[in-house]
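A.B. asks: Okay, handing you the structure first.
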Amino acid sequence: MSVTRPVAVPGQVPLGTRVAKRLTGGALYIIVLVVGVIWLIPTLGLFISSFRKASDITGSGWWTVFTHPAQLTFKDYTDVFSNKGIIQSLWNTVLITVPATALVVLLGSLAAYAFAWIDFRGRDWLFVVVVGLMVVPIQVALLPVAALYRNLHIFGSIVGVVLFHVGFGLPFAIYLLRNFFAAIPRELLEATRMEGGSEWTIFRKVIVPLGLPAIASLAIFQFLWVWNDLLVALVFSNAKTQPLTVALQSNMRQFGSNIDILAPGAFLSLSVPLVVFFAFQRYFVQGLMAGSVKG
Amino acid sequence: MDDSLSAPSAAGDPPAAGPPSPIAHPLAGPSGPSGPSGPHPLAGHGRSPLRIPVRVRAGFLIPAAVILLGIIIWPAVDSIWLSLHNHDGSKWVGLHNYKTLFSDQATLKALKNNVIWVVCAPTIACALGLMFALLSEKIRWSTAFKAVIFMPMAISFLAAGVIFELVYQQDPNQGVANAVAVGIHDTFAPSSKYPGAHPRTDTAKPAAAGSFTSVKTYTAGSVVQLPLVGIQAAKLPGKAAQAAAPSAAPAPDQIEGTVWLDIIYGGGGTPNHIDTGKKGMPGISVKAIDTATGKSAGSASAHNDGTFTIKGLKPGAGYALEIPASNFAQPYRGIQWLGPSLVTPAIIASYLWIWAGFAMVLIAAGLASIPRELQEAARVDGANERQIFRRITVPLLAPVLLVVLVTQIINVLKVFDLVYVIAPGSTLPDANVLAVHMWSVSFGGGQDQGLGSAIGVFLYILVLPAMYFNIRRLRTEKKEGR
């Protein structure tokens, strides 16, 4: 993650070196090791538990596999993969996440381009509104949108869940992309315009390719947010359209007896974001950093 | 700040210009626009003299505008209207729902928990983030360390909930938190070896607090038999050996005896008799109580064959034998993490597990961007490391810490998933927070639109300062940018 350090002046002594100078090397490494282990153990516990039979999980700690490796089994996973409800909900998660991410990226970039490069009356004022919308808690919209969806007959449908995610993803998307798009050199846009390109051509040929890093950051965050969401789906989906998080949540109240579904299910649910996180770590952290910390 | 810094010179450049932390995105709650000296979002960009037809502009803006109006703006206004009506919106009740908000016990409890969350979680997350950021600057494999700390950010709250439900399992044989708690407890206060064991009533009677006292009185120099029952032979420690009778003639200042499990594995044997197959109970402690004074005169613990010798008694004096409760106490079962009193701190701990990485990454970047010259200059002037940290580093880091803190406060106000997922049904009322309560009264059985909306609006009011803060900063930056 060193790439994310905004101002890396070569040859400087890291501050921590001096702050931690009094800690001898050994003690420092022990502290770091202990912290790292504390942070890893909870996930490790879930991971190992997902490879144990329910009777083993409720009978003994997951750490006993280190002395009894024979406990390890794929049975929970084969059970989960043959569980129609869980597979349906996993599929629903994909059906919700992909369009919700694609739509936010598309509509967000279009609007961000307008805010950055098209002059219209009230533009600055509208942008202030968009910034204001970023902090609106979703709780304030749940009930009215639920009523709206009932009237439109999309309550409980995937369309409804997607639309809600798009709505609450847009203010941030517009904000992030507008600031990035606005920094694209004007000459590039003018050149395309001179050649007779329409606004749509400029958007496609100049803005999107140059804005790709910001678009990637946005897509990753929107993807993670929607994939990991529980509350929105809890309210707006039904038994047929619920995503994995809601399906698993309904098993939480009988934690002990459902652990053989919960452990592999939860690991399944977190494995996709984890892959995305490690594959696109750079964009993930860049998006996180972007502008929020500049010293 | 110069806009050129945020201009991408190539497609691969990072988006240097400033959104708030994207984590702070709708649900999580944005921290506000750019950082302390971010870009100027309204600075004079895009002023190209374009004559673009209205319908083209509309094509770019209208899809987003329609969705924003339908999903956020109109519902937010409608919520205010709903909050002034009764449960199904049929009757105007004025501010009644807001009065309920501040008088109903369940709601007040949720409000109180929200206060605990807001006070504790953001500050501890910041402190941990600062500590980890400082640590990671020192070590060689900081990338791996940061990835480990940061990884939980990618995980859903539901998965985190399952993870911590496992961690907090009550049974120390399942939950790692209690396994550690019991391990530490037993290191300093070893648990008893024979929980549930007891003597037959004809040899000893129950005394205070779970201990047992012999029925008969023994004089020093005599022999005692203490048969116990009440536990399975299989539960005896492996070192327990065939029980042996005490020596026939103890010294005049000693009492000798045997403590054994008066059961043969598989059945058989005579009660109160040391038969073959009955085993001693090693480690059981026995006290001799002077019947004249009532005070303890000595004690001993049993060998592998169950024999013990209490020495240093007064020849001829009478003693009652006591088997202290510590031999039979139930083992320490760990901490009730998800019980009524600890459930909120336990869930806050899981929150910190997720968000400390966020604070760490932002603070590490802030540390890296502090100009070294300032610190070098201070050092030349004779400042020591602590002074430099307090007078230079912390003040320069303050804007970053503020951003982290504000982001976390907004986050914490809206915390839903973790509480909803981790708290067991029995202690959910003790762990309740406003966002969860809003869900319960609106959708989870309460079906009270009025109170639900009032809670939603109240949450909205709580984050309004952040909105004002964001917009004001936007305006300031715009002014400076021109």
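The way I read the labels, and the way they are meant: chains A, B, ... in the order of the structure tokens, residue 1 as the first residue of every chain, and ligand 1 as the first ligand shown, with later ones counted on from there.
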Taking only range 21-222 of chain A into account, list the residues labelled helix (DSSP H, G or I) by DSSP (computed from the backbone), as a PyMOL selection string.

C.D. replies: chain A and resi 25-49+54-59+62-66+69-71+75-81+84-117+123-133+139-152+158-181+186-194+199-210+212-222

A.B. asks: Compile the contact shell of Pro243 in chain A as a PyMOL selection string: residues with an atom at most 6 Å away, counting only C-alpha atoms, same-chain residues fewer than 3 positions apart removed.

C.D. replies: chain A and resi 89+92-93+246

A.B. asks: I need the residues of range 192-330 of chain B that end up classed as strand (DSSP E) by DSSP on the backbone, written out as JSON, numbers by chain.

C.D. replies: {"B": [198, 199, 204, 205, 206, 212, 213, 214, 218, 219, 223, 224, 225, 226, 227, 228, 229, 255, 256, 257, 258, 259, 260, 261, 285, 286, 287, 288, 289, 290, 296, 297, 298, 299, 300, 301, 307, 308, 309, 310, 318, 319, 320, 321, 322, 323]}

A.B. asks: Using only C-alpha atoms, which residues sit within 7 Å of range 53-63 of chain B once same-chain residues fewer than 4 positions away are excluded, as a list of chain:residue names?

C.D. replies: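 The neighbour list is A:Leu107, A:Leu110, A:Ala111, A:Ala114, B:Ile67.
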
A.B. asks: Pick out the residues sitting within 10 Å of Gly175 in chain B, and hand them over as a PDB file with C-alpha atoms, in the first residue's frame; count only C-alpha atoms, and ignore anything fewer than 3 positions along from it in its own chain.

C.D. replies:
```
ATOM      1  CA  PRO A  42     -11.466 -14.044  14.120  1.00  0.00           C
ATOM      2  CA  GLY A  45     -11.795 -19.067  13.190  1.00  0.00           C
ATOM      3  CA  ILE A  57     -18.114 -26.891  15.851  1.00  0.00           C
ATOM      4  CA  THR A  58     -20.518 -27.031  18.777  1.00  0.00           C
ATOM      5  CA  SER A  60     -14.992 -28.242  20.555  1.00  0.00           C
ATOM      6  CA  GLY A  61     -13.064 -25.133  19.534  1.00  0.00           C
ATOM      7  CA  TRP A  62     -11.910 -24.649  15.946  1.00  0.00           C
TER       8      TRP A  62
ATOM      9  CA  PHE B 164     -17.718 -12.376  16.121  1.00  0.00           C
ATOM     10  CA  GLU B 165     -20.663 -14.519  17.136  1.00  0.00           C
ATOM     11  CA  LEU B 166     -18.158 -17.380  16.910  1.00  0.00           C
ATOM     12  CA  VAL B 167     -15.536 -15.426  18.845  1.00  0.00           C
ATOM     13  CA  TYR B 168     -17.996 -14.577  21.619  1.00  0.00           C
ATOM     14  CA  GLN B 169     -19.540 -18.050  22.061  1.00  0.00           C
ATOM     15  CA  GLN B 170     -20.198 -18.606  25.765  1.00  0.00           C
ATOM     16  CA  ASP B 171     -18.696 -22.103  25.886  1.00  0.00           C
ATOM     17  CA  PRO B 172     -14.916 -21.723  26.282  1.00  0.00           C
ATOM     18  CA  ASN B 178     -13.700 -17.183  26.450  1.00  0.00           C
ATOM     19  CA  ALA B 179     -11.054 -19.798  25.731  1.00  0.00           C
ATOM     20  CA  VAL B 180      -8.477 -17.054  26.303  1.00  0.00           C
ATOM     21  CA  ALA B 181     -10.360 -15.667  29.314  1.00  0.00           C
ATOM     22  CA  GLY B 334     -15.575 -17.330  31.054  1.00  0.00           C
TER      23      GLY B 334
END
```

A.B. asks: Could you tell me how far CA of Ile154 in chain A lies from CA of Val226 in chain A, in Å and to one decimal?

C.D. replies: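 Between CA of Ile154 in chain A and CA of Val226 in chain A the gap is 18.5 Å.
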
A.B. asks: Using only C-alpha atoms, find the one residue out of B:Gln408, B:Val259, B:Val400, B:Thr219 that sits nearest to Ala320 in chain B.

C.D. replies: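 Counting only C-alpha atoms, the residue closest to Ala320 in chain B is B:Thr219.
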
A.B. asks: Considering only C-alpha atoms, return as a PyMOL selection string whatever protein or nucleic-acid residues lie within 12 Å of Ala266 in chain A, sequence-local ones (same chain, fewer than 2 positions apart) excluded.

C.D. replies: (chain A and resi 43+45-47+49-50+76-77+80+86+90+228+244-249+251-252+258-264+268-273) or (chain B and resi 155-166)

A.B. asks: Please determine, counting only C-alpha atoms, which residue among B:Ala297, B:Leu396, B:Leu402, B:Ala106 has the shortest atom-to-atom distance to chain A.

C.D. replies: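 Smallest separation from chain A among the options: B:Leu396.
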
A.B. asks: Leaving out Leu40 in chain A and any residue of its chain fewer than 6 positions from it, which residues lie within 12 Å of it when counting only C-alpha atoms, given as number ranges by chain?

C.D. replies: A: 33-34, 46-47; B: 144-152, 163, 167, 353-354

A.B. asks: Grab the residues selected above and save them as a PDB file, in the first residue's frame with N, CA and C atoms.

C.D. replies:
```
ATOM      1  N   LEU A  33       3.371  -8.306  15.866  1.00  0.00           N
ATOM      2  CA  LEU A  33       2.946  -9.690  15.657  1.00  0.00           C
ATOM      3  C   LEU A  33       1.665  -9.982  16.436  1.00  0.00           C
ATOM      4  N   VAL A  34       1.642  -9.545  17.705  1.00  0.00           N
ATOM      5  CA  VAL A  34       0.458  -9.795  18.537  1.00  0.00           C
ATOM      6  C   VAL A  34      -0.769  -9.121  17.928  1.00  0.00           C
ATOM      7  N   LEU A  46     -13.487 -18.418  11.579  1.00  0.00           N
ATOM      8  CA  LEU A  46     -14.609 -18.676  10.671  1.00  0.00           C
ATOM      9  C   LEU A  46     -14.168 -19.615   9.555  1.00  0.00           C
ATOM     10  N   PHE A  47     -12.986 -19.346   9.004  1.00  0.00           N
ATOM     11  CA  PHE A  47     -12.489 -20.138   7.879  1.00  0.00           C
ATOM     12  C   PHE A  47     -12.362 -21.611   8.274  1.00  0.00           C
TER      13      PHE A  47
ATOM     14  N   ALA B 144       2.349  -5.971   4.582  1.00  0.00           N
ATOM     15  CA  ALA B 144       1.579  -7.128   5.044  1.00  0.00           C
ATOM     16  C   ALA B 144       0.780  -6.763   6.291  1.00  0.00           C
ATOM     17  N   PHE B 145       1.427  -6.057   7.209  1.00  0.00           N
ATOM     18  CA  PHE B 145       0.746  -5.657   8.448  1.00  0.00           C
ATOM     19  C   PHE B 145      -0.477  -4.805   8.130  1.00  0.00           C
ATOM     20  N   LYS B 146      -0.295  -3.808   7.252  1.00  0.00           N
ATOM     21  CA  LYS B 146      -1.416  -2.935   6.907  1.00  0.00           C
ATOM     22  C   LYS B 146      -2.532  -3.719   6.238  1.00  0.00           C
ATOM     23  N   ALA B 147      -2.156  -4.655   5.373  1.00  0.00           N
ATOM     24  CA  ALA B 147      -3.182  -5.434   4.682  1.00  0.00           C
ATOM     25  C   ALA B 147      -4.003  -6.244   5.677  1.00  0.00           C
ATOM     26  N   VAL B 148      -3.313  -6.805   6.670  1.00  0.00           N
ATOM     27  CA  VAL B 148      -4.016  -7.602   7.683  1.00  0.00           C
ATOM     28  C   VAL B 148      -5.002  -6.736   8.469  1.00  0.00           C
ATOM     29  N   ILE B 149      -4.547  -5.549   8.881  1.00  0.00           N
ATOM     30  CA  ILE B 149      -5.412  -4.669   9.672  1.00  0.00           C
ATOM     31  C   ILE B 149      -6.553  -4.111   8.812  1.00  0.00           C
ATOM     32  N   PHE B 150      -6.249  -3.891   7.542  1.00  0.00           N
ATOM     33  CA  PHE B 150      -7.201  -3.221   6.671  1.00  0.00           C
ATOM     34  C   PHE B 150      -8.224  -4.185   6.084  1.00  0.00           C
ATOM     35  N   MET B 151      -7.852  -5.459   6.021  1.00  0.00           N
ATOM     36  CA  MET B 151      -8.686  -6.455   5.348  1.00  0.00           C
ATOM     37  C   MET B 151     -10.153  -6.475   5.804  1.00  0.00           C
ATOM     38  N   PRO B 152     -10.428  -6.371   7.122  1.00  0.00           N
ATOM     39  CA  PRO B 152     -11.833  -6.447   7.534  1.00  0.00           C
ATOM     40  C   PRO B 152     -12.723  -5.398   6.881  1.00  0.00           C
ATOM     41  N   ILE B 163     -18.553 -13.955  12.259  1.00  0.00           N
ATOM     42  CA  ILE B 163     -17.202 -14.134  12.790  1.00  0.00           C
ATOM     43  C   ILE B 163     -17.178 -13.854  14.290  1.00  0.00           C
ATOM     44  N   VAL B 167     -16.545 -15.852  17.872  1.00  0.00           N
ATOM     45  CA  VAL B 167     -15.536 -15.426  18.845  1.00  0.00           C
ATOM     46  C   VAL B 167     -16.139 -15.357  20.243  1.00  0.00           C
ATOM     47  N   TRP B 353     -12.542  -3.615  15.165  1.00  0.00           N
ATOM     48  CA  TRP B 353     -11.805  -4.587  14.357  1.00  0.00           C
ATOM     49  C   TRP B 353     -11.934  -4.226  12.876  1.00  0.00           C
ATOM     50  N   ILE B 354     -13.135  -3.755  12.495  1.00  0.00           N
ATOM     51  CA  ILE B 354     -13.359  -3.422  11.092  1.00  0.00           C
ATOM     52  C   ILE B 354     -12.741  -2.064  10.732  1.00  0.00           C
TER      53      ILE B 354
END
```
